[in-house]
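Dumped model_31.cif below, it's mmCIF, C-alpha atoms:
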```cif
data_entry
#
loop_
_atom_site.group_PDB
_atom_site.id
_atom_site.type_symbol
_atom_site.label_atom_id
_atom_site.label_comp_id
_atom_site.auth_asym_id
_atom_site.auth_seq_id
_atom_site.Cartn_x
_atom_site.Cartn_y
_atom_site.Cartn_z
ATOM 1 C CA MET A 76 1.115 8.657 3.676
ATOM 2 C CA SER A 77 3.895 6.166 4.398
ATOM 3 C CA SER A 78 5.227 5.117 7.748
ATOM 4 C CA SER A 79 8.712 6.035 8.905
ATOM 5 C CA ASP A 80 8.970 2.710 10.736
ATOM 6 C CA PRO A 81 12.389 1.270 9.822
ATOM 7 C CA THR A 82 10.911 -2.240 9.705
ATOM 8 C CA VAL A 83 8.707 -1.331 6.735
ATOM 9 C CA GLN A 84 9.853 -2.966 3.523
ATOM 10 C CA PRO A 85 11.221 -0.638 0.825
ATOM 11 C CA VAL A 86 8.896 0.320 -1.983
ATOM 12 C CA PRO A 87 9.504 -1.876 -5.064
ATOM 13 C CA ALA A 88 11.496 -0.234 -7.836
ATOM 14 C CA SER A 89 8.538 -0.693 -10.187
ATOM 15 C CA VAL A 90 6.343 1.651 -8.129
ATOM 16 C CA VAL A 91 5.963 4.879 -10.041
ATOM 17 C CA GLU A 92 5.656 8.002 -7.895
ATOM 18 C CA ARG A 93 5.290 11.694 -8.650
ATOM 19 C CA VAL A 94 6.651 14.409 -6.399
ATOM 20 C CA ASP A 95 6.315 17.810 -7.988
ATOM 21 C CA ALA A 96 5.151 21.365 -7.515
ATOM 22 C CA ALA A 97 1.818 20.826 -9.271
ATOM 23 C CA ASP A 98 0.091 20.220 -5.943
ATOM 24 C CA VAL A 99 -0.190 23.995 -5.562
ATOM 25 C CA THR A 100 -2.962 23.791 -8.165
ATOM 26 C CA LEU A 101 -5.088 21.835 -5.670
ATOM 27 C CA SER A 102 -6.567 23.653 -2.696
ATOM 28 C CA ASN A 103 -6.839 21.482 0.446
ATOM 29 C CA PRO A 104 -6.544 18.173 -1.438
ATOM 30 C CA LYS A 105 -7.458 14.816 0.086
ATOM 31 C CA TRP A 106 -5.678 11.507 -0.387
ATOM 32 C CA ALA A 107 -7.640 8.674 -1.972
ATOM 33 C CA VAL A 108 -6.809 5.133 -3.016
ATOM 34 C CA ILE A 109 -8.226 3.767 -6.282
ATOM 35 C CA SER A 110 -8.200 0.103 -7.288
ATOM 36 C CA LEU A 111 -8.160 -0.779 -10.995
ATOM 37 C CA GLY A 112 -8.920 -4.108 -12.623
ATOM 38 C CA SER A 113 -9.486 -5.485 -16.122
ATOM 39 C CA ASN A 114 -9.990 -8.974 -17.561
ATOM 40 C CA LEU A 115 -11.346 -8.246 -21.038
ATOM 41 C CA GLY A 116 -9.590 -6.883 -24.102
ATOM 42 C CA ASN A 117 -6.120 -5.331 -23.868
ATOM 43 C CA ARG A 118 -5.919 -5.324 -20.089
ATOM 44 C CA LEU A 119 -2.683 -3.361 -19.710
ATOM 45 C CA GLU A 120 -3.760 -0.731 -22.239
ATOM 46 C CA THR A 121 -7.077 -0.368 -20.430
ATOM 47 C CA LEU A 122 -5.433 0.121 -17.038
ATOM 48 C CA GLN A 123 -3.071 2.694 -18.508
ATOM 49 C CA GLY A 124 -6.038 4.461 -20.096
ATOM 50 C CA ALA A 125 -7.729 4.597 -16.696
ATOM 51 C CA VAL A 126 -4.619 6.100 -15.082
ATOM 52 C CA ASP A 127 -4.427 8.695 -17.869
ATOM 53 C CA ALA A 128 -8.140 9.499 -17.535
ATOM 54 C CA LEU A 129 -7.806 9.993 -13.784
ATOM 55 C CA GLU A 130 -4.897 12.383 -14.336
ATOM 56 C CA ASP A 131 -6.956 14.292 -16.923
ATOM 57 C CA THR A 132 -9.657 14.917 -14.299
ATOM 58 C CA PRO A 133 -9.800 18.535 -13.081
ATOM 59 C CA GLY A 134 -9.039 18.717 -9.363
ATOM 60 C CA LEU A 135 -7.163 15.413 -9.315
ATOM 61 C CA ARG A 136 -3.496 14.445 -9.435
ATOM 62 C CA VAL A 137 -2.198 10.889 -9.732
ATOM 63 C CA LYS A 138 0.646 10.600 -7.213
ATOM 64 C CA ALA A 139 1.711 6.951 -7.396
ATOM 65 C CA VAL A 140 0.955 3.855 -9.454
ATOM 66 C CA SER A 141 1.586 0.322 -8.211
ATOM 67 C CA PRO A 142 3.142 -2.569 -10.081
ATOM 68 C CA VAL A 143 0.763 -4.694 -12.151
ATOM 69 C CA TYR A 144 -0.486 -7.996 -10.759
ATOM 70 C CA GLU A 145 -2.271 -10.851 -12.476
ATOM 71 C CA THR A 146 -5.046 -12.335 -10.350
ATOM 72 C CA GLU A 147 -7.755 -14.937 -10.439
ATOM 73 C CA PRO A 148 -11.329 -13.630 -10.783
ATOM 74 C CA TRP A 149 -13.214 -13.164 -7.524
ATOM 75 C CA GLY A 150 -16.404 -15.083 -6.771
ATOM 76 C CA VAL A 151 -16.394 -17.455 -9.773
ATOM 77 C CA GLU A 152 -15.172 -20.975 -10.505
ATOM 78 C CA PRO A 153 -11.496 -21.271 -11.520
ATOM 79 C CA GLY A 154 -11.133 -21.053 -15.287
ATOM 80 C CA ALA A 155 -14.612 -19.563 -15.766
ATOM 81 C CA GLN A 156 -13.135 -16.184 -16.744
ATOM 82 C CA ALA A 157 -9.851 -14.756 -17.952
ATOM 83 C CA THR A 158 -7.448 -13.575 -15.277
ATOM 84 C CA TYR A 159 -7.377 -9.947 -14.207
ATOM 85 C CA PHE A 160 -4.671 -7.348 -14.335
ATOM 86 C CA ASN A 161 -4.900 -5.274 -11.150
ATOM 87 C CA ALA A 162 -3.181 -2.158 -9.859
ATOM 88 C CA VAL A 163 -3.674 0.518 -7.217
ATOM 89 C CA VAL A 164 -3.352 4.264 -7.748
ATOM 90 C CA LEU A 165 -2.795 6.895 -5.065
ATOM 91 C CA ILE A 166 -4.319 10.257 -5.851
ATOM 92 C CA LYS A 167 -4.718 13.682 -4.334
ATOM 93 C CA THR A 168 -8.018 15.353 -5.146
ATOM 94 C CA THR A 169 -10.265 18.248 -4.279
ATOM 95 C CA LEU A 170 -13.289 16.353 -5.605
ATOM 96 C CA PRO A 171 -15.753 15.200 -2.944
ATOM 97 C CA PRO A 172 -16.292 11.424 -2.744
ATOM 98 C CA SER A 173 -19.550 11.576 -4.713
ATOM 99 C CA SER A 174 -17.895 13.395 -7.620
ATOM 100 C CA LEU A 175 -14.942 11.026 -7.548
ATOM 101 C CA LEU A 176 -17.391 8.118 -7.765
ATOM 102 C CA GLU A 177 -19.129 9.723 -10.756
ATOM 103 C CA ARG A 178 -15.775 10.196 -12.452
ATOM 104 C CA GLY A 179 -14.859 6.565 -11.815
ATOM 105 C CA HIS A 180 -18.121 5.400 -13.367
ATOM 106 C CA ALA A 181 -17.579 7.700 -16.365
ATOM 107 C CA ILE A 182 -14.120 6.218 -16.924
ATOM 108 C CA GLU A 183 -15.560 2.698 -16.722
ATOM 109 C CA GLU A 184 -18.230 3.618 -19.268
ATOM 110 C CA ALA A 185 -15.605 5.101 -21.590
ATOM 111 C CA PHE A 186 -14.051 1.633 -21.672
ATOM 112 C CA GLU A 187 -17.486 0.040 -22.284
ATOM 113 C CA ARG A 188 -17.907 -1.501 -18.853
ATOM 114 C CA VAL A 189 -21.087 -3.601 -18.696
ATOM 115 C CA ARG A 190 -22.860 -4.159 -15.355
ATOM 116 C CA ASP A 191 -25.187 -7.070 -16.078
ATOM 117 C CA GLU A 192 -23.581 -9.756 -13.910
ATOM 118 C CA ARG A 193 -22.200 -9.625 -10.368
ATOM 119 C CA TRP A 194 -18.511 -10.569 -10.433
ATOM 120 C CA GLY A 195 -18.827 -10.838 -14.202
ATOM 121 C CA PRO A 196 -15.968 -10.150 -16.588
ATOM 122 C CA ARG A 197 -15.336 -6.495 -17.244
ATOM 123 C CA THR A 198 -13.202 -4.302 -19.412
ATOM 124 C CA LEU A 199 -12.532 -2.023 -16.456
ATOM 125 C CA ASP A 200 -13.305 -1.803 -12.769
ATOM 126 C CA VAL A 201 -12.571 1.483 -10.952
ATOM 127 C CA ASP A 202 -13.166 1.292 -7.204
ATOM 128 C CA ILE A 203 -12.625 3.921 -4.538
ATOM 129 C CA VAL A 204 -10.925 2.000 -1.745
ATOM 130 C CA THR A 205 -10.444 4.872 0.697
ATOM 131 C CA TYR A 206 -10.963 8.623 0.729
ATOM 132 C CA GLN A 207 -8.771 10.291 3.352
ATOM 133 C CA ASP A 208 -9.965 8.954 6.734
ATOM 134 C CA VAL A 209 -13.657 8.967 5.821
ATOM 135 C CA ILE A 210 -15.827 6.184 7.220
ATOM 136 C CA SER A 211 -19.316 6.079 5.719
ATOM 137 C CA ASP A 212 -22.018 3.432 5.374
ATOM 138 C CA ASP A 213 -23.764 5.291 2.557
ATOM 139 C CA PRO A 214 -25.077 2.496 0.285
ATOM 140 C CA VAL A 215 -24.171 4.521 -2.817
ATOM 141 C CA LEU A 216 -20.524 4.795 -1.746
ATOM 142 C CA THR A 217 -19.437 2.873 1.338
ATOM 143 C CA LEU A 218 -16.064 4.029 2.652
ATOM 144 C CA PRO A 219 -13.695 2.402 3.037
ATOM 145 C CA HIS A 220 -14.645 -0.102 0.320
ATOM 146 C CA PRO A 221 -16.543 -2.810 2.232
ATOM 147 C CA ARG A 222 -14.528 -5.745 0.882
ATOM 148 C CA ALA A 223 -11.116 -4.269 0.101
ATOM 149 C CA HIS A 224 -9.654 -5.384 3.439
ATOM 150 C CA GLU A 225 -10.217 -9.039 2.541
ATOM 151 C CA ARG A 226 -9.010 -8.944 -1.071
ATOM 152 C CA ALA A 227 -5.368 -9.664 -1.773
ATOM 153 C CA PHE A 228 -5.628 -8.145 -5.260
ATOM 154 C CA VAL A 229 -6.222 -4.779 -3.574
ATOM 155 C CA LEU A 230 -3.992 -5.158 -0.519
ATOM 156 C CA VAL A 231 -0.861 -6.412 -2.320
ATOM 157 C CA PRO A 232 -0.477 -3.509 -4.792
ATOM 158 C CA TRP A 233 -1.665 -1.012 -2.165
ATOM 159 C CA HIS A 234 1.046 -2.198 0.216
ATOM 160 C CA ASP A 235 3.575 -1.717 -2.606
ATOM 161 C CA VAL A 236 2.749 1.953 -3.099
ATOM 162 C CA ASP A 237 2.157 2.765 0.572
ATOM 163 C CA PRO A 238 3.626 0.218 3.003
ATOM 164 C CA GLY A 239 2.462 2.214 6.026
ATOM 165 C CA ALA A 240 -1.134 2.597 4.821
ATOM 166 C CA GLU A 241 -4.134 1.956 7.019
ATOM 167 C CA VAL A 242 -7.721 1.098 6.191
ATOM 168 C CA PRO A 243 -9.822 3.571 8.207
ATOM 169 C CA GLY A 244 -11.410 1.752 11.112
ATOM 170 C CA LEU A 245 -9.763 -1.575 10.250
ATOM 171 C CA GLY A 246 -6.046 -1.078 10.764
ATOM 172 C CA ALA A 247 -2.778 -1.480 8.913
ATOM 173 C CA VAL A 248 -2.756 -2.798 5.362
ATOM 174 C CA SER A 249 0.351 -4.825 6.258
ATOM 175 C CA ARG A 250 -1.531 -6.669 9.014
ATOM 176 C CA LEU A 251 -4.618 -7.217 6.868
ATOM 177 C CA LEU A 252 -2.442 -8.548 4.055
ATOM 178 C CA ALA A 253 -0.694 -10.940 6.442
ATOM 179 C CA GLU A 254 -4.106 -12.282 7.439
ATOM 180 C CA VAL A 255 -5.403 -12.614 3.883
ATOM 181 C CA GLY A 256 -2.206 -13.883 2.268
ATOM 182 C CA ARG A 257 -0.984 -13.447 -1.297
ATOM 183 C CA GLU A 258 -2.442 -16.564 -2.899
ATOM 184 C CA GLY A 259 -3.690 -16.018 -6.436
ATOM 185 C CA VAL A 260 -1.865 -12.685 -6.845
ATOM 186 C CA GLN A 261 1.062 -12.925 -9.252
ATOM 187 C CA ALA A 262 3.476 -10.046 -9.865
ATOM 188 C CA ARG A 263 3.939 -9.158 -13.552
ATOM 189 C CA ALA A 264 7.418 -7.664 -13.547
ATOM 190 C CA ASP A 265 7.293 -7.599 -17.348
ATOM 191 C CA LEU A 266 4.484 -5.042 -17.308
ATOM 192 C CA GLU A 267 4.430 -1.483 -16.027
ATOM 193 C CA LEU A 268 2.014 1.404 -15.813
ATOM 194 C CA ARG A 269 3.448 4.876 -16.263
ATOM 195 C CA LEU A 270 2.477 8.147 -14.691
ATOM 196 C CA PRO A 271 1.000 10.562 -17.248
ATOM 197 C CA GLU A 272 3.344 13.320 -18.388
#
```

Mind turning this structure into structure tokens?
Amino acid sequence: MSSSDPTVQPVPASVVERVDAADVTLSNPKWAVISLGSNLGNRLETLQGAVDALEDTPGLRVKAVSPVYETEPWGVEPGAQATYFNAVVLIKTTLPPSSLLERGHAIEEAFERVRDERWGPRTLDVDIVTYQDVISDDPVLTLPHPRAHERAFVLVPWHDVDPGAEVPGLGAVSRLLAEVGREGVQARADLELRLPE
């Protein structure tokens, strides 16, 4: 997934990665990028619960977890909501995109996600950012995520876990991040998500 370009910045020490033999349990797995966010309740505990729930999904292995970032809510007035904790997870999965979407929604519901307000506060947001190199304008699941390339809270942690990543059809995450900038995205070095055992 990562570039061998020597100019690429090293992955931060807080990035948690798994390299093991368990991949043999997945037949022809695909890479996917999942964005997590929470601004209600115990935000760190919720994000960790989402990582654990993804790992508990048959046909899915969590391969890397980004550092945690604290970010301002998107699409609302400053101070109108609590700040978010955000992270990005790299996975390998044999689930098709539609099943991965269903699993994401089920995990959100397990954490009592309510969908009554656009850009409203939420206990948990689980978004599929990319699925392999798939480009699809299906309104149920648009791939890549239609707004991820313009959101620093996705691009910053994604760049941490995969500095050479590309958004299918849109180019390098590093270039997109340079265009968007890092404003409003604060590293929380005091917090860390762990890979499930």

Find the spatial neighbours of A:Leu135, counting all atoms listed in the file, within a cut-off of 7 Å - ignore same-chain residues fewer than 4 positions away - and output them as number ranges by chain.
A: 130, 166-169

Find the spatial neighbours of A:Gln123, counting all atoms listed in the file, within a cut-off of 9 Å - ignore same-chain residues fewer than 6 positions away - and output them as a PyMOL selection string.
chain A and resi 267-271

Could you check which of A:Pro232, A:Pro221, A:Gly116, A:Gly239 is closest to A:Val140, using only C-alpha atoms?
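Among the listed residues, A:Pro232 lies closest to A:Val140.
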
Suppose a student applies the PyMOL selection byres ((chain A and resi 176) around 12) to this structure; what residues should they get, written as a VMD selection string?
chain A and resid 107 to 109 129 170 to 175 177 to 183 200 to 206 215 to 218 220

A:Trp233 proximity check over A:Glu272, A:Val143, A:Ser102, A:Ala185, using all atoms listed in the file: winner is A:Val143

Quick check, in Å to one decimal: how far apart do atom CA of A:Ser141 and atom CA of A:Gly112 lie?
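Computing it gives 12.2 Å between the two atoms.
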
A:Leu230, A:Val242, A:Leu251, A:Leu122 ranked by distance to A:Phe186, top pick (using all atoms listed in the file):
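Smallest separation from A:Phe186 among the options: A:Leu122.
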
What are the centre and the three edge lengths of an axis-aligned box that wraps all atoms of stretch 246-263 of chain A in the file, given that 3 Å is added to every side, written as AutoDock Vina command-line options and rounded to one decimal in Å?
```
--center_x -1.1 --center_y -8.8 --center_z -1.4 --size_x 16.0 --size_y 21.5 --size_z 30.3
```

Residues near A:Val248, anyone? I mean within 12 Å using only C-alpha atoms, not counting same-chain ones fewer than 3 positions away, as a VMD selection string.
chain A and resid 77 to 78 83 204 to 205 223 to 227 229 to 245 251 to 256

Please evaluate the PyMOL selection byres ((chain A and resi 198) around 8) against the displayed coordinates and give the resulting residues as a ChimeraX atom specification.
/A:113-116,118,121,183,186-189,196-197,199-200

Using the structure block above, produce a file of stretch 225-251 of chain A that contains N, CA and C atoms, as a CSV table (one decimal), in the first residue's frame.
```
chain,number,residue,atom,x,y,z
A,225,GLU,N,-11.5,16.2,0.4
A,225,GLU,CA,-11.4,17.6,0.8
A,225,GLU,C,-11.5,17.8,2.3
A,226,ARG,N,-11.4,16.7,3.1
A,226,ARG,CA,-11.5,16.8,4.5
A,226,ARG,C,-10.2,16.4,5.2
A,227,ALA,N,-9.6,17.4,5.9
A,227,ALA,CA,-8.4,17.2,6.5
A,227,ALA,C,-8.5,16.1,7.6
A,228,PHE,N,-9.6,16.0,8.3
A,228,PHE,CA,-9.8,15.0,9.4
A,228,PHE,C,-9.7,13.6,8.8
A,229,VAL,N,-9.9,13.4,7.5
A,229,VAL,CA,-9.7,12.1,6.9
A,229,VAL,C,-8.3,12.0,6.4
A,230,LEU,N,-7.8,13.0,5.6
A,230,LEU,CA,-6.5,12.9,4.9
A,230,LEU,C,-5.3,12.9,5.9
A,231,VAL,N,-5.4,13.6,7.0
A,231,VAL,CA,-4.2,13.7,7.9
A,231,VAL,C,-4.0,12.3,8.5
A,232,PRO,N,-4.9,11.6,9.2
A,232,PRO,CA,-4.6,10.3,9.7
A,232,PRO,C,-4.4,9.3,8.6
A,233,TRP,N,-5.0,9.4,7.5
A,233,TRP,CA,-4.8,8.4,6.4
A,233,TRP,C,-3.4,8.5,5.9
A,234,HIS,N,-2.9,9.8,5.8
A,234,HIS,CA,-1.5,9.9,5.4
A,234,HIS,C,-0.5,9.3,6.4
A,235,ASP,N,-0.9,9.4,7.7
A,235,ASP,CA,-0.1,8.8,8.7
A,235,ASP,C,0.1,7.3,8.5
A,236,VAL,N,-1.0,6.6,8.2
A,236,VAL,CA,-0.9,5.1,8.1
A,236,VAL,C,-0.5,4.7,6.8
A,237,ASP,N,-0.6,5.5,5.7
A,237,ASP,CA,-0.2,5.1,4.4
A,237,ASP,C,0.2,6.3,3.6
A,238,PRO,N,1.5,6.8,3.8
A,238,PRO,CA,1.9,8.0,3.2
A,238,PRO,C,1.9,8.0,1.7
A,239,GLY,N,1.9,6.8,1.1
A,239,GLY,CA,1.9,6.7,-0.4
A,239,GLY,C,0.5,6.5,-1.0
A,240,ALA,N,-0.5,6.6,-0.1
A,240,ALA,CA,-1.9,6.3,-0.6
A,240,ALA,C,-2.3,7.2,-1.7
A,241,GLU,N,-3.3,6.7,-2.5
A,241,GLU,CA,-4.0,7.5,-3.5
A,241,GLU,C,-5.5,7.3,-3.4
A,242,VAL,N,-6.2,8.4,-3.7
A,242,VAL,CA,-7.6,8.3,-3.8
A,242,VAL,C,-7.9,8.0,-5.2
A,243,PRO,N,-8.6,6.8,-5.4
A,243,PRO,CA,-8.9,6.4,-6.8
A,243,PRO,C,-9.5,7.5,-7.6
A,244,GLY,N,-8.9,7.8,-8.8
A,244,GLY,CA,-9.4,8.8,-9.7
A,244,GLY,C,-9.1,10.3,-9.3
A,245,LEU,N,-8.5,10.5,-8.1
A,245,LEU,CA,-8.2,11.8,-7.6
A,245,LEU,C,-6.8,12.1,-7.3
A,246,GLY,N,-6.0,11.1,-7.2
A,246,GLY,CA,-4.5,11.3,-7.0
A,246,GLY,C,-4.1,11.0,-5.5
A,247,ALA,N,-2.8,11.4,-5.3
A,247,ALA,CA,-2.1,11.1,-4.1
A,247,ALA,C,-2.7,11.9,-2.9
A,248,VAL,N,-2.8,11.1,-1.8
A,248,VAL,CA,-3.3,11.7,-0.5
A,248,VAL,C,-2.4,12.9,-0.1
A,249,SER,N,-1.1,12.7,-0.3
A,249,SER,CA,-0.1,13.7,0.1
A,249,SER,C,-0.4,15.1,-0.6
A,250,ARG,N,-0.7,15.0,-1.9
A,250,ARG,CA,-1.0,16.2,-2.7
A,250,ARG,C,-2.3,16.8,-2.3
A,251,LEU,N,-3.4,16.0,-2.1
A,251,LEU,CA,-4.7,16.4,-1.6
A,251,LEU,C,-4.6,17.1,-0.3
```
